[in-house]
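Peer 1: Just passing along the structure, written as structure tokens.
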Amino acid sequence: MTDHNHHHPAGGHEHGNHHGDGLAELLDLDAQVLGSYLDAATTWAAELAPAAATIVDLGAGSGAGTLALAHRFPEAAVVSVDKSPDMLGRTLEAARRQGLSGRVRTVEADLDASLPPIAGADLVWASSSLHELADPDHAMREVFAALRPGGVLLVIEMDGLPRFLPDHLHAGLESRLHAALARQGWNSHPDWRPGLELAGFAAVEQRAFPATGSPTPEAESRYARAFLGRIGPALAGIASAEDLYALNRLLDDDGPDSPLRSPELEVRGSRTAWAARKA
Ligand SMILES: C[S@@+](CC[C@H](N)C(=O)[O-])C[C@H]1O[C@@H](n2cnc3c(N)ncnc32)[C@H](O)[C@@H]1O
């Protein structure tokens, strides 16, 4: 279970608490475009923990999961935990806009140090965050200890980096770019089941959530540009000069036939979730 890294699945690579580099916007776009998993996974969470009163969202980012959970569990208090004050501020602001302020609170904490003391959690949600931690095994044990008996941990990960380009474009350009990033550990995560079982959880169940894409072509296009623009700098020196040139050409092309516009875009980004119960 040491196969982890600090690269987040939406393509970021961040240090410290600085998120002024577009990560929050990318997470918001991801929720808008590939957020169908939020509906499906919160529905599953409600089946698993129907009476959850205290829910914790670990590594909550800009709050997509927190808000989906607060809507799905209309009686519950949702605690959003992140090390980034900027992310937490965005979550609170979104909660306010959606009339959820009374039930959403934030806790700034570095989960690499320890889990903040959250008494009696019924449901813990960790989406695209567990693999970012230095010691996910330790974090899973801490979550196990923090949950009430019968409580549930739901871990969600992207199956791969989000994809936008048709496979034929530049003979598999996107696959080559992703392969280069994978060699750097981007979105690297294991099958969490063995780690969850080692941490003490029973009845680990796994589900796949296919991505259905967004009905808004404009948001898809913005997400494609934001994501591909973000991976560009990370690819310097690890992708071929030819592929980097092709990527830059794509990003520069703002014309009506750009492959970064619908209907050329083929947005894909499925997720897997593991639900684990504390007996
Ligand atoms: C890829 S984002 C996922 C956000 C959100 N859960 C989602 O699915 O959209 C990962 C989040 O985990 C947070 N994070 C990473 N390492 C952390 C740590 N050690 N302690 C607390 N938060 C952390 C980052 O600040 C970031 O907001």
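Residues in the structure tokens are numbered from 1 in each chain, the chains being A, B, ... in the order shown, and ligands are numbered from 1 in the order shown.
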Which residues are close to Leu147 of chain A, i.e. within 6 Å by only C-alpha atoms, leaving aside same-chain residues fewer than 3 positions away? Reply as a ChimeraX atom specification.
Peer 2: /A:120-122,144,151
Peer 1: For the residues in that selection, give me N, CA, C and O atoms as a short mmCIF file (atom, residue, chain, number, x, y, z; two decimals), in the first residue's frame.
Peer 2:
data_model
loop_
_atom_site.label_atom_id
_atom_site.label_comp_id
_atom_site.auth_asym_id
_atom_site.auth_seq_id
_atom_site.Cartn_x
_atom_site.Cartn_y
_atom_site.Cartn_z
N GLY A 120 -17.81 10.76 16.39
CA GLY A 120 -18.95 9.97 15.96
C GLY A 120 -19.35 10.12 14.52
O GLY A 120 -20.54 10.32 14.22
N ALA A 121 -18.41 10.02 13.62
CA ALA A 121 -18.78 10.10 12.20
C ALA A 121 -19.54 8.84 11.80
O ALA A 121 -19.19 7.73 12.20
N ASP A 122 -20.59 9.04 11.02
CA ASP A 122 -21.37 7.90 10.51
C ASP A 122 -20.93 7.53 9.10
O ASP A 122 -21.09 6.39 8.68
N PHE A 144 -11.06 4.45 10.49
CA PHE A 144 -11.72 3.31 11.15
C PHE A 144 -11.97 3.64 12.62
O PHE A 144 -13.06 3.42 13.15
N GLY A 151 -20.48 2.40 10.98
CA GLY A 151 -20.21 3.52 10.06
C GLY A 151 -19.51 3.05 8.79
O GLY A 151 -18.98 1.94 8.72
#
Peer 1: Check which residues fall inside 6 Å of ligand 1 when counting only C-alpha atoms and all ligand atoms, and print them as a PDB file with C-alpha atoms, in the first residue's frame.
Peer 2:
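Once everything was written out, this is result_17.pdb:
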ATOM      1  CA  HIS A   8      -4.263  14.505  -7.991  1.00  0.00           C
ATOM      2  CA  PRO A   9      -6.439  12.881 -10.579  1.00  0.00           C
ATOM      3  CA  ALA A  10      -7.712  16.059 -12.123  1.00  0.00           C
ATOM      4  CA  LEU A  27     -12.343  20.524  -9.802  1.00  0.00           C
ATOM      5  CA  GLY A  59      -9.707  16.163   1.028  1.00  0.00           C
ATOM      6  CA  ALA A  60     -12.885  17.889  -0.007  1.00  0.00           C
ATOM      7  CA  GLY A  61     -11.359  20.241  -2.572  1.00  0.00           C
ATOM      8  CA  ALA A  64     -18.405  19.058  -4.948  1.00  0.00           C
ATOM      9  CA  ASP A  82      -8.899  20.012   3.518  1.00  0.00           C
ATOM     10  CA  LYS A  83      -5.432  21.411   4.051  1.00  0.00           C
ATOM     11  CA  SER A  84      -6.181  24.306   1.725  1.00  0.00           C
ATOM     12  CA  ALA A 109      -6.224  20.080   8.626  1.00  0.00           C
ATOM     13  CA  ASP A 110      -3.244  18.291   7.140  1.00  0.00           C
ATOM     14  CA  LEU A 111      -4.323  14.679   6.972  1.00  0.00           C
ATOM     15  CA  ASP A 112      -0.683  13.644   6.732  1.00  0.00           C
ATOM     16  CA  SER A 127     -12.908  11.238  -3.257  1.00  0.00           C
ATOM     17  CA  SER A 128      -9.689  11.525  -5.254  1.00  0.00           C
ATOM     18  CA  SER A 129      -7.882  12.310  -2.040  1.00  0.00           C
ATOM     19  CA  GLU A 132      -2.607  11.998  -2.224  1.00  0.00           C
ATOM     20  CA  LEU A 133      -1.738  11.203   1.363  1.00  0.00           C
TER      21      LEU A 133
END
Peer 1: Which residue is closest to Leu247 of chain A? Choose from A:Arg225, A:Leu26, A:Thr54, A:Arg268 and count only C-alpha atoms.
Peer 2: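 Of the candidates, the smallest distance to Leu247 of chain A is held by A:Arg225.
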Peer 1: Where does segment 96-146 of chain A meet segment 192-198 of chain A within 9 Å, residue by residue, with the nearest atom pair and distance in Å to one decimal for each, counting only C-alpha atoms, listed by chain and rising number, as CSV?
Peer 2:
residue,atom,partner,partner_atom,distance
A:Pro136,CA,A:Gly195,CA,8.3
A:Asp137,CA,A:Gly195,CA,6.1
A:Met140,CA,A:Leu196,CA,6.5
A:Arg141,CA,A:Leu196,CA,8.1
A:Phe144,CA,A:Leu196,CA,8.9
Peer 1: Looking at only C-alpha atoms, which of A:Asp257, A:Glu108, A:Glu75, A:Asp86 is the one that sits closest to Leu23 of chain A?
Peer 2: A:Asp86
Peer 1: Taking only C-alpha atoms into account, which of A:Ala234, A:Met158, A:Val33, A:Ala224 comes nearest Ala180 of chain A?
Peer 2: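 Smallest separation from Ala180 of chain A among the options: A:Ala234.
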Peer 1: As a PyMOL selection string, which residues of segment 71-255 of chain A does DSSP assign to strand (DSSP E)?
Peer 2: chain A and resi 77-82+104-108+121-127+147-158+202-209
Peer 1: What gap, in Å, lies between atom CA of Leu228 of chain A and atom CA of Pro85 of chain A?
Peer 2: 25.7 Å
Peer 1: Val107 of chain A: which residues within 7 Å, counting only C-alpha atoms, same-chain residues fewer than 5 positions away excluded, as a list in words?
Peer 2: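 Listing them by chain and then by number gives Val79, Ser80, Val81 and Asp82 of chain A.
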Peer 1: What does the structure give for the distance between atom CA of Ser262 of chain A and atom CA of Ala171 of chain A, in Å to one decimal?
Peer 2: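 Rounded to one decimal, the two atoms are 19.6 Å apart.
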Peer 1: Can you tell me which residues surround Ala31 of chain A at a distance of at most 12 Å, considering only C-alpha atoms, apart from same-chain residues fewer than 4 positions away, and format the answer as a ChimeraX atom specification?
Peer 2: /A:10,24-27,35-39,61-68,127,162,211-214,219-220,223,269
Peer 1: As a PyMOL selection string, please: the residues near Val143 of chain A (cut-off 8 Å, only C-alpha atoms, same-chain neighbours under 6 positions excluded).
Peer 2: chain A and resi 115+124+153
Peer 1: Hey, can you check how far atom CA of Ile238 of chain A sits from atom CA of Leu165 of chain A?
Peer 2: 19.7 Å
Peer 1: So that I can see what lies close to Glu205 of chain A, please list as a VMD selection string the residues with an atom at most 9 Å from it, counting only C-alpha atoms and leaving out residues fewer than 3 positions away in the same chain.
Peer 2: chain A and resid 193 273 to 276
Peer 1: Hey, what's within 7 Å of Pro210 of chain A if we count only C-alpha atoms and toss same-chain stuff fewer than 2 positions away? As a list in words, please?
Peer 2: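 Once the adjacent positions are removed, what remains is Ala208, Thr212, Ser270 and Arg271 of chain A.
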Peer 1: Pick the closest to Val104 of chain A from A:Ala126, A:Leu154, A:Val56, A:Ala134: which is it, counting only C-alpha atoms?
Peer 2: A:Val56
